[in-house]
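Peer 1: Here you go, upload-v2.txt (compact mmCIF, C-alpha atoms and all ligand atoms):
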# COMPACT_ATOMS: atom_id res chain seq x y z
CA MET A 213 -88.24 -56.64 -41.51
CA ILE A 214 -89.48 -60.24 -41.48
CA THR A 215 -93.12 -61.01 -40.64
CA LEU A 216 -94.36 -64.55 -39.97
CA LEU A 217 -97.85 -65.71 -40.92
CA PRO A 218 -98.16 -68.87 -38.76
CA GLU A 219 -101.63 -69.70 -40.12
CA LYS A 220 -100.06 -70.40 -43.53
CA CYS A 221 -97.06 -72.40 -42.19
CA ILE A 222 -96.93 -76.14 -42.97
CA ALA A 223 -93.91 -76.72 -40.67
CA CYS A 224 -91.74 -77.98 -43.57
CA SER A 225 -88.68 -76.39 -41.84
CA LEU A 226 -87.10 -75.22 -45.13
CA CYS A 227 -86.75 -71.76 -43.59
CA VAL A 228 -84.86 -73.16 -40.59
CA LYS A 229 -82.42 -74.95 -42.92
CA ALA A 230 -81.97 -71.85 -45.11
CA CYS A 231 -81.12 -69.54 -42.22
CA LEU A 232 -77.36 -69.18 -41.66
CA PHE A 233 -77.82 -67.33 -38.38
CA SER A 234 -80.26 -69.55 -36.40
CA GLY A 235 -82.66 -66.62 -36.83
CA ILE A 236 -85.77 -68.78 -37.12
CA ARG A 237 -86.92 -71.95 -35.40
CA LEU A 238 -90.04 -74.08 -35.18
CA ASP A 239 -91.73 -74.06 -31.82
CA GLY A 240 -93.77 -77.21 -32.24
CA LYS A 241 -95.29 -76.38 -35.62
CA ILE A 242 -95.21 -72.62 -35.14
CA PRO A 243 -92.35 -70.61 -36.74
CA VAL A 244 -90.66 -68.17 -34.38
CA LEU A 245 -87.98 -65.54 -35.12
CA THR A 246 -85.05 -65.60 -32.70
CA GLU A 247 -82.85 -62.74 -31.53
CA TYR A 248 -80.33 -63.78 -34.20
CA CYS A 249 -82.57 -62.89 -37.16
CA THR A 250 -80.68 -60.44 -39.40
CA GLY A 251 -83.67 -59.75 -41.65
CA CYS A 252 -81.65 -61.03 -44.63
CA GLY A 253 -84.72 -62.65 -46.22
CA ALA A 254 -83.19 -66.08 -46.94
CA CYS A 255 -86.22 -67.68 -45.24
CA VAL A 256 -88.63 -65.66 -47.38
CA GLU A 257 -87.04 -66.96 -50.56
CA VAL A 258 -87.38 -70.64 -49.62
CA CYS A 259 -90.89 -70.53 -48.17
CA ARG A 260 -93.24 -72.11 -50.74
CA VAL A 261 -96.48 -71.26 -48.98
CA GLY A 262 -96.04 -67.55 -48.36
CA ALA A 263 -95.88 -67.95 -44.59
CA ILE A 264 -92.93 -65.54 -44.32
CA VAL A 265 -92.96 -62.05 -45.80
CA SER A 266 -90.38 -59.30 -45.81
CA GLU A 267 -91.42 -55.67 -45.78
CA GLY A 268 -87.96 -54.89 -47.11
CA LYS A 269 -87.61 -51.74 -45.04
CA PRO A 270 -84.16 -51.45 -43.49
CA ALA A 271 -84.04 -50.47 -39.84
CA PRO A 272 -83.92 -46.69 -39.39
CA PRO A 273 -80.41 -45.36 -38.78
CA PRO A 274 -79.66 -44.79 -35.11
CA ASP A 275 -79.46 -41.32 -33.66
CA LEU A 276 -75.74 -40.89 -34.32
CA GLY A 277 -75.42 -37.95 -31.93
CA SER A 278 -76.40 -40.07 -28.94
CA TYR A 279 -73.26 -42.24 -29.30
CA ARG A 280 -70.17 -41.17 -27.41
CA ASP A 281 -66.78 -42.44 -26.19
CA ILE A 282 -64.29 -44.95 -27.52
CA TRP A 283 -64.26 -48.47 -26.16
CA VAL A 284 -61.61 -51.16 -26.21
CA ILE A 285 -62.69 -54.73 -25.52
CA ALA A 286 -59.90 -56.00 -23.28
CA GLU A 287 -58.57 -59.52 -23.64
CA GLN A 288 -56.89 -61.48 -20.87
CA GLN A 289 -55.96 -65.03 -20.09
CA ASP A 290 -55.21 -66.15 -16.53
CA THR A 291 -55.19 -62.44 -15.60
CA ILE A 292 -52.45 -61.66 -18.13
CA VAL A 293 -53.66 -58.91 -20.43
CA HIS A 294 -53.02 -59.50 -24.13
CA PRO A 295 -50.59 -56.81 -25.42
CA VAL A 296 -53.05 -55.85 -28.18
CA THR A 297 -55.37 -54.46 -25.48
CA PHE A 298 -52.74 -51.90 -24.47
CA GLU A 299 -51.96 -51.12 -28.11
CA LEU A 300 -55.65 -50.44 -28.77
CA LEU A 301 -55.88 -48.30 -25.64
CA GLY A 302 -52.91 -46.28 -26.93
CA LYS A 303 -54.69 -45.68 -30.25
CA ALA A 304 -57.99 -44.99 -28.47
CA ARG A 305 -56.31 -42.24 -26.38
CA GLU A 306 -55.09 -40.58 -29.55
CA LEU A 307 -58.56 -40.75 -31.17
CA ALA A 308 -60.25 -39.56 -27.97
CA GLN A 309 -58.20 -36.37 -28.07
CA THR A 310 -59.64 -35.52 -31.46
CA ARG A 311 -63.19 -36.49 -30.42
CA ALA A 312 -62.85 -34.88 -26.95
CA CYS A 313 -64.35 -37.95 -25.36
CA ARG A 314 -63.47 -40.68 -22.86
CA VAL A 315 -61.75 -44.02 -23.41
CA ALA A 316 -63.33 -47.06 -21.76
CA ALA A 317 -62.09 -50.62 -21.50
CA VAL A 318 -64.49 -53.55 -21.14
CA LEU A 319 -63.04 -56.38 -19.10
CA ALA A 320 -65.10 -59.57 -19.01
CA GLY A 321 -63.83 -62.68 -17.24
CA SER A 322 -63.35 -63.99 -13.74
CA GLY A 323 -61.05 -62.92 -10.89
CA MET A 324 -59.48 -60.00 -12.76
CA GLY A 325 -60.07 -57.02 -10.46
CA ALA A 326 -56.36 -56.19 -10.29
CA ILE A 327 -56.14 -55.76 -14.05
CA SER A 328 -58.38 -52.70 -14.05
CA GLN A 329 -55.61 -50.43 -12.73
CA ALA A 330 -53.25 -51.60 -15.49
CA LEU A 331 -55.89 -50.73 -18.08
CA ILE A 332 -56.27 -47.26 -16.57
CA GLN A 333 -52.49 -46.78 -16.70
CA GLY A 334 -52.65 -47.97 -20.29
CA GLY A 335 -55.10 -45.21 -21.24
CA ALA A 336 -58.62 -46.10 -20.04
CA ASP A 337 -60.65 -43.45 -18.21
CA VAL A 338 -63.31 -45.99 -17.30
CA VAL A 339 -63.14 -49.77 -16.92
CA TYR A 340 -66.40 -51.71 -17.14
CA LEU A 341 -65.62 -54.79 -15.09
CA ALA A 342 -67.83 -57.84 -15.67
CA ASP A 343 -66.39 -60.38 -13.26
CA ALA A 344 -68.24 -63.70 -13.01
CA PRO A 345 -67.27 -67.40 -13.10
CA PHE A 346 -69.38 -68.04 -16.21
CA LEU A 347 -67.25 -65.50 -18.13
CA TYR A 348 -64.07 -67.58 -17.83
CA PRO A 349 -62.77 -69.24 -19.93
CA TYR A 350 -63.89 -67.27 -22.97
CA ARG A 351 -67.04 -68.53 -24.67
CA THR A 352 -68.78 -66.71 -27.47
CA ARG A 353 -72.34 -66.45 -26.20
CA PRO A 354 -71.83 -65.23 -22.64
CA HIS A 355 -69.25 -62.67 -23.76
CA GLU A 356 -71.41 -61.48 -26.61
CA ARG A 357 -74.46 -61.15 -24.35
CA THR A 358 -72.58 -59.31 -21.62
CA ILE A 359 -70.75 -56.88 -23.88
CA ALA A 360 -73.76 -56.29 -26.13
CA ALA A 361 -75.84 -55.32 -23.09
CA LEU A 362 -73.18 -52.76 -22.12
CA ILE A 363 -73.02 -51.33 -25.64
CA GLU A 364 -76.82 -51.10 -25.68
CA GLN A 365 -76.80 -49.22 -22.39
CA HIS A 366 -73.85 -46.84 -22.88
CA LYS A 367 -73.82 -46.40 -26.69
CA PRO A 368 -70.10 -46.07 -27.47
CA GLU A 369 -69.28 -44.30 -30.73
CA ILE A 370 -66.30 -46.56 -31.54
CA VAL A 371 -65.51 -50.11 -30.40
CA LEU A 372 -61.99 -51.49 -30.98
CA ILE A 373 -61.18 -55.19 -30.64
CA GLY A 374 -57.92 -57.10 -31.08
CA ALA A 375 -57.75 -59.25 -34.21
CA THR A 376 -56.92 -62.27 -32.06
CA CYS A 377 -58.78 -65.61 -32.01
CA MET A 378 -61.15 -64.17 -29.41
CA GLY A 379 -61.60 -60.85 -31.18
CA ARG A 380 -62.20 -62.44 -34.56
CA ASP A 381 -64.91 -64.56 -32.97
CA LEU A 382 -66.56 -61.83 -30.93
CA ALA A 383 -66.39 -58.76 -33.18
CA PRO A 384 -68.61 -60.01 -36.04
CA ARG A 385 -71.21 -61.27 -33.57
CA LEU A 386 -71.40 -57.86 -31.92
CA ALA A 387 -71.45 -56.03 -35.26
CA ASN A 388 -74.29 -58.23 -36.43
CA ARG A 389 -76.24 -57.59 -33.23
CA PHE A 390 -76.09 -53.85 -33.80
CA LYS A 391 -76.42 -54.11 -37.60
CA THR A 392 -73.31 -52.01 -37.91
CA GLY A 393 -70.11 -52.19 -39.97
CA LEU A 394 -66.93 -53.91 -38.90
CA THR A 395 -63.55 -53.41 -40.55
CA ALA A 396 -61.17 -56.28 -39.81
CA ASP A 397 -57.37 -56.07 -39.52
CA CYS A 398 -57.08 -52.29 -39.69
CA THR A 399 -53.59 -50.87 -40.06
CA GLY A 400 -54.64 -47.23 -39.66
CA LEU A 401 -57.38 -45.50 -37.63
CA VAL A 402 -57.94 -41.74 -37.70
CA ILE A 403 -60.88 -39.42 -37.14
CA ASP A 404 -62.21 -37.56 -40.19
CA SER A 405 -61.84 -33.89 -39.35
CA GLN A 406 -64.96 -33.06 -41.44
CA ASP A 407 -67.62 -35.31 -39.95
CA GLY A 408 -65.93 -37.02 -37.00
CA CYS A 409 -66.30 -40.49 -38.53
CA LEU A 410 -63.63 -43.13 -37.95
CA LEU A 411 -61.53 -43.68 -41.08
CA GLN A 412 -60.57 -47.36 -41.00
CA THR A 413 -57.69 -48.28 -43.29
CA ARG A 414 -56.76 -51.85 -44.18
CA PRO A 415 -55.11 -53.73 -47.05
CA ALA A 416 -57.54 -54.95 -49.72
CA PHE A 417 -57.34 -56.99 -52.93
CA GLY A 418 -54.58 -59.26 -51.63
CA GLY A 419 -52.70 -56.32 -50.16
CA ASN A 420 -52.36 -54.49 -53.48
CA ILE A 421 -54.30 -51.43 -52.35
CA MET A 422 -55.05 -49.78 -49.03
CA ALA A 423 -58.79 -49.23 -48.60
CA THR A 424 -60.23 -46.65 -46.21
CA ILE A 425 -63.63 -47.70 -44.93
CA VAL A 426 -66.20 -45.53 -43.15
CA THR A 427 -69.25 -46.61 -41.17
CA ALA A 428 -71.22 -43.50 -41.98
CA HIS A 429 -74.78 -44.37 -40.95
CA HIS A 430 -74.52 -46.91 -38.18
CA ARG A 431 -73.11 -47.03 -34.68
CA PRO A 432 -70.96 -48.12 -33.05
CA GLN A 433 -68.16 -47.95 -35.59
CA MET A 434 -66.27 -51.20 -35.11
CA ALA A 435 -62.75 -52.22 -36.08
CA THR A 436 -60.31 -55.00 -35.26
CA VAL A 437 -56.56 -54.45 -35.24
CA ARG A 438 -53.88 -57.11 -35.17
CA PRO A 439 -51.34 -57.32 -32.37
CA GLY A 440 -48.21 -55.29 -33.00
CA VAL A 441 -49.77 -52.66 -35.28
CA MET A 442 -50.53 -49.81 -32.83
CA GLN A 443 -48.33 -48.25 -30.13
CA ALA A 444 -49.14 -48.93 -26.49
CA PHE A 445 -49.32 -46.01 -24.07
CA GLN A 446 -48.33 -46.05 -20.41
CA ASP A 447 -48.76 -43.47 -17.66
CA GLU A 448 -48.44 -44.86 -14.18
CA GLY A 449 -49.89 -41.70 -12.66
CA ARG A 450 -53.25 -41.95 -14.46
CA THR A 451 -56.45 -42.33 -12.49
CA GLY A 452 -59.79 -43.64 -13.68
CA THR A 453 -63.07 -45.17 -12.63
CA VAL A 454 -63.90 -48.86 -12.34
CA VAL A 455 -67.60 -49.61 -12.90
CA THR A 456 -68.66 -53.04 -11.69
CA VAL A 457 -71.16 -54.56 -14.08
CA GLU A 458 -74.01 -56.81 -12.96
CA THR A 459 -73.94 -60.03 -14.96
CA VAL A 460 -76.41 -62.89 -15.15
CA ALA A 461 -75.59 -66.42 -16.24
CA ASP A 462 -77.93 -67.90 -18.84
CA ALA A 463 -78.53 -71.65 -19.03
CA ALA A 464 -78.52 -71.39 -22.85
CA ASP A 465 -74.83 -70.38 -22.69
CA ASP A 466 -73.98 -73.88 -21.52
CA CYS A 467 -74.68 -75.31 -24.98
CA VAL A 468 -70.91 -74.80 -25.33
CA GLN A 469 -68.67 -75.93 -22.50
CA VAL A 470 -64.89 -75.79 -22.45
CA LEU A 471 -63.73 -79.23 -21.31
CA LYS A 472 -60.00 -78.85 -21.81
CA THR A 473 -57.60 -76.36 -23.34
CA ILE A 474 -54.77 -77.86 -25.38
CA ALA A 475 -51.92 -75.61 -26.50
CA LYS A 476 -51.27 -75.76 -30.25
CA PRO A 477 -47.70 -76.74 -31.24
CA GLY A 478 -45.77 -73.54 -31.77
CA SER A 479 -48.32 -71.45 -29.86
CA GLY A 480 -45.53 -70.42 -27.47
CA VAL A 481 -44.05 -68.42 -30.36
CA GLN A 482 -44.31 -64.76 -29.41
CA LEU A 483 -43.04 -62.99 -32.49
CA GLU A 484 -44.93 -59.81 -31.62
CA LYS A 485 -42.72 -59.27 -28.58
CA ALA A 486 -39.39 -60.45 -30.03
CA PRO A 487 -36.71 -57.72 -30.31
CA VAL A 488 -34.97 -59.70 -33.07
CA ILE A 489 -36.59 -61.93 -35.72
CA VAL A 490 -34.66 -64.12 -38.14
CA SER A 491 -37.15 -65.10 -40.85
CA GLY A 492 -36.83 -67.68 -43.56
CA GLY A 493 -38.54 -68.13 -46.91
CA ARG A 494 -38.59 -70.45 -49.88
CA GLY A 495 -34.95 -69.51 -50.53
CA LEU A 496 -33.96 -71.70 -47.58
CA GLN A 497 -34.70 -74.64 -49.90
CA GLY A 498 -35.75 -77.03 -47.16
CA PRO A 499 -36.87 -77.39 -43.54
CA ASP A 500 -33.41 -78.28 -42.23
CA ASN A 501 -32.08 -74.80 -42.85
CA PHE A 502 -34.60 -73.45 -40.33
CA LYS A 503 -32.34 -75.07 -37.70
CA LEU A 504 -29.59 -72.69 -38.85
CA LEU A 505 -31.98 -69.75 -38.48
CA GLY A 506 -32.87 -71.01 -35.00
CA GLU A 507 -29.19 -70.99 -34.09
CA LEU A 508 -28.71 -67.46 -35.41
CA ALA A 509 -31.87 -66.27 -33.65
CA GLU A 510 -30.70 -67.75 -30.36
CA LEU A 511 -27.33 -66.01 -30.60
CA LEU A 512 -29.19 -62.72 -31.14
CA SER A 513 -31.77 -63.46 -28.38
CA GLY A 514 -34.46 -63.48 -31.04
CA GLN A 515 -37.10 -65.75 -32.53
CA VAL A 516 -37.63 -67.44 -35.88
CA GLY A 517 -40.17 -66.10 -38.37
CA ALA A 518 -41.18 -67.32 -41.82
CA SER A 519 -42.82 -66.37 -45.08
CA ARG A 520 -46.11 -67.99 -46.07
CA ALA A 521 -44.33 -69.96 -48.77
CA ALA A 522 -42.16 -71.66 -46.14
CA VAL A 523 -45.22 -72.37 -43.98
CA GLU A 524 -47.21 -73.75 -46.91
CA LEU A 525 -44.30 -76.01 -47.82
CA GLY A 526 -44.60 -77.46 -44.30
CA TRP A 527 -41.10 -76.35 -43.29
CA ILE A 528 -42.33 -74.50 -40.19
CA GLU A 529 -45.65 -74.02 -38.35
CA HIS A 530 -48.08 -71.19 -39.01
CA PRO A 531 -47.52 -69.37 -35.68
CA HIS A 532 -44.13 -68.35 -37.14
CA GLN A 533 -45.66 -66.74 -40.26
CA VAL A 534 -45.14 -63.02 -40.71
CA GLY A 535 -47.35 -60.97 -42.99
CA GLN A 536 -50.87 -60.16 -43.98
CA THR A 537 -52.21 -63.58 -43.04
CA GLY A 538 -49.62 -64.15 -40.34
CA LYS A 539 -48.32 -61.90 -37.59
CA THR A 540 -47.54 -58.21 -37.69
CA VAL A 541 -44.19 -57.59 -36.03
CA LYS A 542 -42.14 -54.57 -35.08
CA PRO A 543 -38.74 -55.87 -33.88
CA ARG A 544 -35.60 -53.79 -33.55
CA LEU A 545 -33.90 -56.11 -36.06
CA TYR A 546 -35.54 -58.23 -38.80
CA ILE A 547 -33.30 -60.52 -40.87
CA ALA A 548 -35.11 -61.82 -43.97
CA CYS A 549 -33.33 -64.91 -45.31
CA GLY A 550 -34.33 -66.10 -48.79
CA ILE A 551 -37.54 -64.05 -48.76
CA SER A 552 -38.44 -62.17 -51.93
CA GLY A 553 -40.45 -59.39 -50.26
CA ALA A 554 -43.98 -59.88 -51.58
CA ILE A 555 -46.32 -57.09 -50.52
CA GLN A 556 -48.21 -59.48 -48.23
CA HIS A 557 -44.99 -60.29 -46.37
CA LEU A 558 -43.93 -56.64 -46.15
CA ALA A 559 -47.33 -55.78 -44.64
CA GLY A 560 -46.28 -57.70 -41.53
CA MET A 561 -42.68 -56.54 -41.01
CA GLN A 562 -41.87 -53.26 -42.69
CA GLN A 563 -42.18 -51.37 -39.40
CA ALA A 564 -39.07 -53.11 -38.05
CA ASP A 565 -36.39 -50.60 -36.97
CA VAL A 566 -33.62 -52.27 -38.99
CA ILE A 567 -34.19 -54.72 -41.85
CA VAL A 568 -31.40 -56.93 -43.19
CA ALA A 569 -32.09 -58.96 -46.33
CA ILE A 570 -30.06 -61.98 -47.32
CA ASN A 571 -30.87 -62.88 -50.91
CA ARG A 572 -29.00 -64.12 -53.94
CA ASP A 573 -31.09 -61.91 -56.25
CA PRO A 574 -29.83 -58.29 -56.19
CA TYR A 575 -33.20 -57.20 -57.62
CA ALA A 576 -35.44 -58.93 -55.08
CA PRO A 577 -38.22 -56.51 -53.95
CA ILE A 578 -37.23 -56.89 -50.28
CA LEU A 579 -34.08 -54.91 -51.05
CA LYS A 580 -36.18 -51.78 -51.68
CA ILE A 581 -37.09 -51.61 -48.00
CA ALA A 582 -34.00 -53.27 -46.49
CA HIS A 583 -31.51 -51.08 -44.64
CA PHE A 584 -28.73 -53.60 -45.27
CA ALA A 585 -28.43 -56.25 -47.98
CA LEU A 586 -26.21 -59.32 -48.05
CA ILE A 587 -26.26 -60.59 -51.63
CA GLY A 588 -25.42 -64.25 -51.90
CA ASP A 589 -26.39 -67.76 -50.90
CA VAL A 590 -28.24 -67.87 -47.60
CA GLN A 591 -26.71 -71.26 -46.87
CA LYS A 592 -23.24 -69.71 -46.91
CA ILE A 593 -24.02 -66.33 -45.33
CA VAL A 594 -26.02 -67.57 -42.30
CA PRO A 595 -23.32 -70.07 -41.14
CA GLU A 596 -20.74 -67.30 -41.55
CA LEU A 597 -22.82 -64.93 -39.39
CA ILE A 598 -23.22 -67.66 -36.77
CA ALA A 599 -19.47 -68.32 -36.76
CA GLN A 600 -18.66 -64.60 -36.37
CA LEU A 601 -21.19 -64.14 -33.56
CA LYS A 602 -19.87 -67.22 -31.75
CA ALA A 603 -16.33 -65.86 -32.05
CA GLN A 604 -17.46 -62.65 -30.34
CA HIS A 605 -19.27 -64.40 -27.47
C1 LIG B 1 -54.15 -63.05 -49.76
C2 LIG B 1 -52.69 -63.41 -49.61
C3 LIG B 1 -52.13 -63.34 -48.35
C4 LIG B 1 -50.78 -63.65 -48.17
N1 LIG B 1 -50.23 -63.55 -46.92
C5 LIG B 1 -48.92 -63.75 -46.76
C6 LIG B 1 -48.29 -63.58 -45.49
O1 LIG B 1 -48.93 -63.32 -44.48
N2 LIG B 1 -46.96 -63.75 -45.41
C7 LIG B 1 -46.18 -64.06 -46.49
O2 LIG B 1 -44.96 -64.19 -46.33
N3 LIG B 1 -46.76 -64.24 -47.69
C8 LIG B 1 -48.09 -64.11 -47.85
N4 LIG B 1 -48.64 -64.32 -49.08
C9 LIG B 1 -47.81 -64.94 -50.12
C10 LIG B 1 -46.90 -63.93 -50.84
O3 LIG B 1 -47.61 -63.37 -51.91
C11 LIG B 1 -45.65 -64.65 -51.38
O4 LIG B 1 -46.06 -65.71 -52.21
C12 LIG B 1 -44.73 -65.20 -50.30
O5 LIG B 1 -44.45 -64.21 -49.34
C13 LIG B 1 -43.43 -65.64 -50.96
O6 LIG B 1 -42.62 -66.24 -50.00
P1 LIG B 1 -41.05 -66.26 -50.19
O7 LIG B 1 -40.52 -64.87 -50.27
O8 LIG B 1 -40.48 -67.15 -49.14
O9 LIG B 1 -40.84 -67.05 -51.55
P2 LIG B 1 -40.42 -66.54 -52.99
O10 LIG B 1 -41.25 -65.41 -53.43
O11 LIG B 1 -40.34 -67.74 -53.86
O12 LIG B 1 -38.96 -65.95 -52.78
C14 LIG B 1 -37.84 -66.72 -52.49
C15 LIG B 1 -36.64 -65.78 -52.44
O13 LIG B 1 -35.50 -66.50 -52.04
C16 LIG B 1 -34.39 -66.10 -52.84
N5 LIG B 1 -33.48 -67.24 -52.86
C17 LIG B 1 -33.65 -68.46 -53.44
N6 LIG B 1 -32.63 -69.27 -53.16
C18 LIG B 1 -31.77 -68.56 -52.40
C19 LIG B 1 -30.53 -68.83 -51.78
N7 LIG B 1 -29.94 -70.04 -51.87
N8 LIG B 1 -29.92 -67.85 -51.08
C20 LIG B 1 -30.49 -66.63 -50.95
N9 LIG B 1 -31.67 -66.31 -51.51
C21 LIG B 1 -32.29 -67.26 -52.20
C22 LIG B 1 -34.98 -65.78 -54.17
O14 LIG B 1 -34.13 -64.89 -54.87
C23 LIG B 1 -36.31 -65.15 -53.79
O15 LIG B 1 -36.16 -63.74 -53.63
C24 LIG B 1 -49.98 -64.02 -49.27
C25 LIG B 1 -50.56 -64.08 -50.53
C26 LIG B 1 -51.89 -63.77 -50.69
C27 LIG B 1 -52.49 -63.83 -52.08
Re-express the file's structure as structure tokens.
Peer 2:
Amino acid sequence: MITLLPEKCIACSLCVKACLFSGIRLDGKIPVLTEYCTGCGACVEVCRVGAIVSEGKPAPPPDLGSYRDIWVIAEQQDTIVHPVTFELLGKARELAQTRACRVAAVLAGSGMGAISQALIQGGADVVYLADAPFLYPYRTRPHERTIAALIEQHKPEIVLIGATCMGRDLAPRLANRFKTGLTADCTGLVIDSQDGCLLQTRPAFGGNIMATIVTAHHRPQMATVRPGVMQAFQDEGRTGTVVTVETVADAADDCVQVLKTIAKPGSGVQLEKAPVIVSGGRGLQGPDNFKLLGELAELLSGQVGASRAAVELGWIEHPHQVGQTGKTVKPRLYIACGISGAIQHLAGMQQADVIVAINRDPYAPILKIAHFALIGDVQKIVPELIAQLKAQH
């Protein structure tokens, strides 16, 4: 805990510069801690006059028993719910069975009343609906404030958030607010049968091991999950409760205003939903061969994916990247063309129903998980596939 001794302060502002969280500011010449102070002590270390002291006592652990229910922070844009929300609700339903608790979805935005029913059908027992103009489009501070107030009031045991741009922005802010743990990009979530804690599994050390992380002493337990990892759930007959949440705009939120939204090139790529993905790697030997993959993908009503090597070489944009630092996909058919099968690539595609590998190396690692292998030059095999498909059309 940080204590300020204003009588000793010389208003040098070193503490303000040292703080990474805007946790301290000078009010005139008086130092003041803000709500963002994490108690990390960086200000104590730089203060030369002893005007800031740390008692070094961590906050007492919360009363774990008072936390209940599993929450999913819903994400929507123009009233279209992001698929990851339904996938998280599906996982939350499964976890709620083990914990014998309710699943709640938090929906913050504007003009989204009709979405609540879809969230209930997707697995929510309760929808907390915060509907206000200042909550759309998404901005960090108003969302954080609104959702944090709800967490404070209802004390969920587990909070799940999509590892999307919004989720990656929001989740750490919330975790920091509650001084709790956050496991990013989980690939597995189960309840520990011994103590009821959430076991959060994710790749670590560049994907070489799977680490299982537990938030044993703090609540809520927080995790993000990428789109395409969990299974959505749907029951059109489900009923639930919609709780309308009172929200208050704060003038301080307006320090960030969204003036215009510009779509990134390639942001229309929806690999997560594609039934067929034709992916290319360094073995394509140049950007032009991605046109061939595009042709094959079109004939199969699919989309084009890529390895990180191909993206880093500038042959295709990042939204096409599959893998640990790209997208996680689960198509019915995945055709890997000139991709070796590094563990980081496999992490994003090995759940595909059928994997076909085209590679000139009969010992390439991808062949260990491929259901079918075409050994040879990708530049000969892909045109042949295209020709045969065209002949059948
Ligand atoms: C922290 C971290 C995160 C990462 N995240 C990702 C990620 O999200 N996605 C990802 O893909 N990678 C990721 N990587 C990189 C990964 O480790 C590999 O470097 C990358 O996947 C290799 O891409 P590649 O298979 O296209 O290239 P290579 O490994 O070079 O393989 C090329 C393959 O093409 C074959 N080939 C060559 N010429 C031909 C031809 N004419 N015909 C047929 N086959 C041919 C070769 O036999 C070889 O198997 C990550 C790495 C790290 C450290």
Peer 1: Ligand LIG 1 (chain B): which residues are within 7 Å, counting all atoms listed in the file, as a JSON list (two decimals) with C-alpha atoms, in the coordinates of the input?
Peer 2:
[["chain", "number", "residue", "atom", "x", "y", "z"],
["A", 418, "GLY", "CA", -54.58, -59.26, -51.63],
["A", 419, "GLY", "CA", -52.70, -56.32, -50.16],
["A", 492, "GLY", "CA", -36.83, -67.68, -43.56],
["A", 493, "GLY", "CA", -38.54, -68.13, -46.91],
["A", 494, "ARG", "CA", -38.59, -70.45, -49.88],
["A", 495, "GLY", "CA", -34.95, -69.51, -50.53],
["A", 496, "LEU", "CA", -33.96, -71.70, -47.58],
["A", 497, "GLN", "CA", -34.70, -74.64, -49.90],
["A", 518, "ALA", "CA", -41.18, -67.32, -41.82],
["A", 519, "SER", "CA", -42.82, -66.37, -45.08],
["A", 520, "ARG", "CA", -46.11, -67.99, -46.07],
["A", 521, "ALA", "CA", -44.33, -69.96, -48.77],
["A", 522, "ALA", "CA", -42.16, -71.66, -46.14],
["A", 533, "GLN", "CA", -45.66, -66.74, -40.26],
["A", 534, "VAL", "CA", -45.14, -63.02, -40.71],
["A", 535, "GLY", "CA", -47.35, -60.97, -42.99],
["A", 536, "GLN", "CA", -50.87, -60.16, -43.98],
["A", 537, "THR", "CA", -52.21, -63.58, -43.04],
["A", 538, "GLY", "CA", -49.62, -64.15, -40.34],
["A", 549, "CYS", "CA", -33.33, -64.91, -45.31],
["A", 550, "GLY", "CA", -34.33, -66.10, -48.79],
["A", 551, "ILE", "CA", -37.54, -64.05, -48.76],
["A", 552, "SER", "CA", -38.44, -62.17, -51.93],
["A", 553, "GLY", "CA", -40.45, -59.39, -50.26],
["A", 554, "ALA", "CA", -43.98, -59.88, -51.58],
["A", 555, "ILE", "CA", -46.32, -57.09, -50.52],
["A", 556, "GLN", "CA", -48.21, -59.48, -48.23],
["A", 557, "HIS", "CA", -44.99, -60.29, -46.37],
["A", 560, "GLY", "CA", -46.28, -57.70, -41.53],
["A", 570, "ILE", "CA", -30.06, -61.98, -47.32],
["A", 571, "ASN", "CA", -30.87, -62.88, -50.91],
["A", 572, "ARG", "CA", -29.00, -64.12, -53.94],
["A", 573, "ASP", "CA", -31.09, -61.91, -56.25],
["A", 576, "ALA", "CA", -35.44, -58.93, -55.08],
["A", 588, "GLY", "CA", -25.42, -64.25, -51.90],
["A", 589, "ASP", "CA", -26.39, -67.76, -50.90],
["A", 590, "VAL", "CA", -28.24, -67.87, -47.60],
["A", 591, "GLN", "CA", -26.71, -71.26, -46.87]]
Peer 1: Please list as a PDB file with C-alpha atoms, in the coordinates of the input every residue within 7 Å of Arg544 in chain A, counting all atoms listed in the file and excluding residues in the same chain fewer than 3 positions away.
Peer 2:
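See out-v1.pdb below for the written result:
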ATOM      1  CA  PRO A 487     -36.710 -57.720 -30.310  1.00  0.00           C
ATOM      2  CA  VAL A 488     -34.970 -59.700 -33.070  1.00  0.00           C
ATOM      3  CA  ALA A 564     -39.070 -53.110 -38.050  1.00  0.00           C
ATOM      4  CA  ASP A 565     -36.390 -50.600 -36.970  1.00  0.00           C
ATOM      5  CA  VAL A 566     -33.620 -52.270 -38.990  1.00  0.00           C
TER       6      VAL A 566
END
Peer 1: Please work out which residues fall within 8 Å of (-94.1, -69.8, -36.0), coordinates as given in the file, with all atoms listed in the file counting, and return them as a VMD selection string.
Peer 2: chain A and resid 216 to 218 221 237 to 239 241 to 245
Peer 1: Report, in Å to a single decimal, how far apart CA of Gln289 in chain A and CA of Gly452 in chain A are.
Peer 2: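 CA of Gln289 in chain A lies at a distance of 22.7 Å from CA of Gly452 in chain A.
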Peer 1: Find, counting only C-alpha atoms, the residue in A:Cys224, A:Val371, A:Ala360, A:Ile528 that gets nearest to Gly240 in chain A.
Peer 2: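 Smallest distance to Gly240 in chain A is found for A:Cys224.
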Peer 1: Any idea what's packed within 9 Å of range 405-416 of chain A, counting all atoms listed in the file, ignoring anything in its chain fewer than 3 positions away? Could you give it as a VMD selection string?
Peer 2: chain A and resid 307 310 to 311 370 395 to 402 419 to 428 433 to 435 536 559
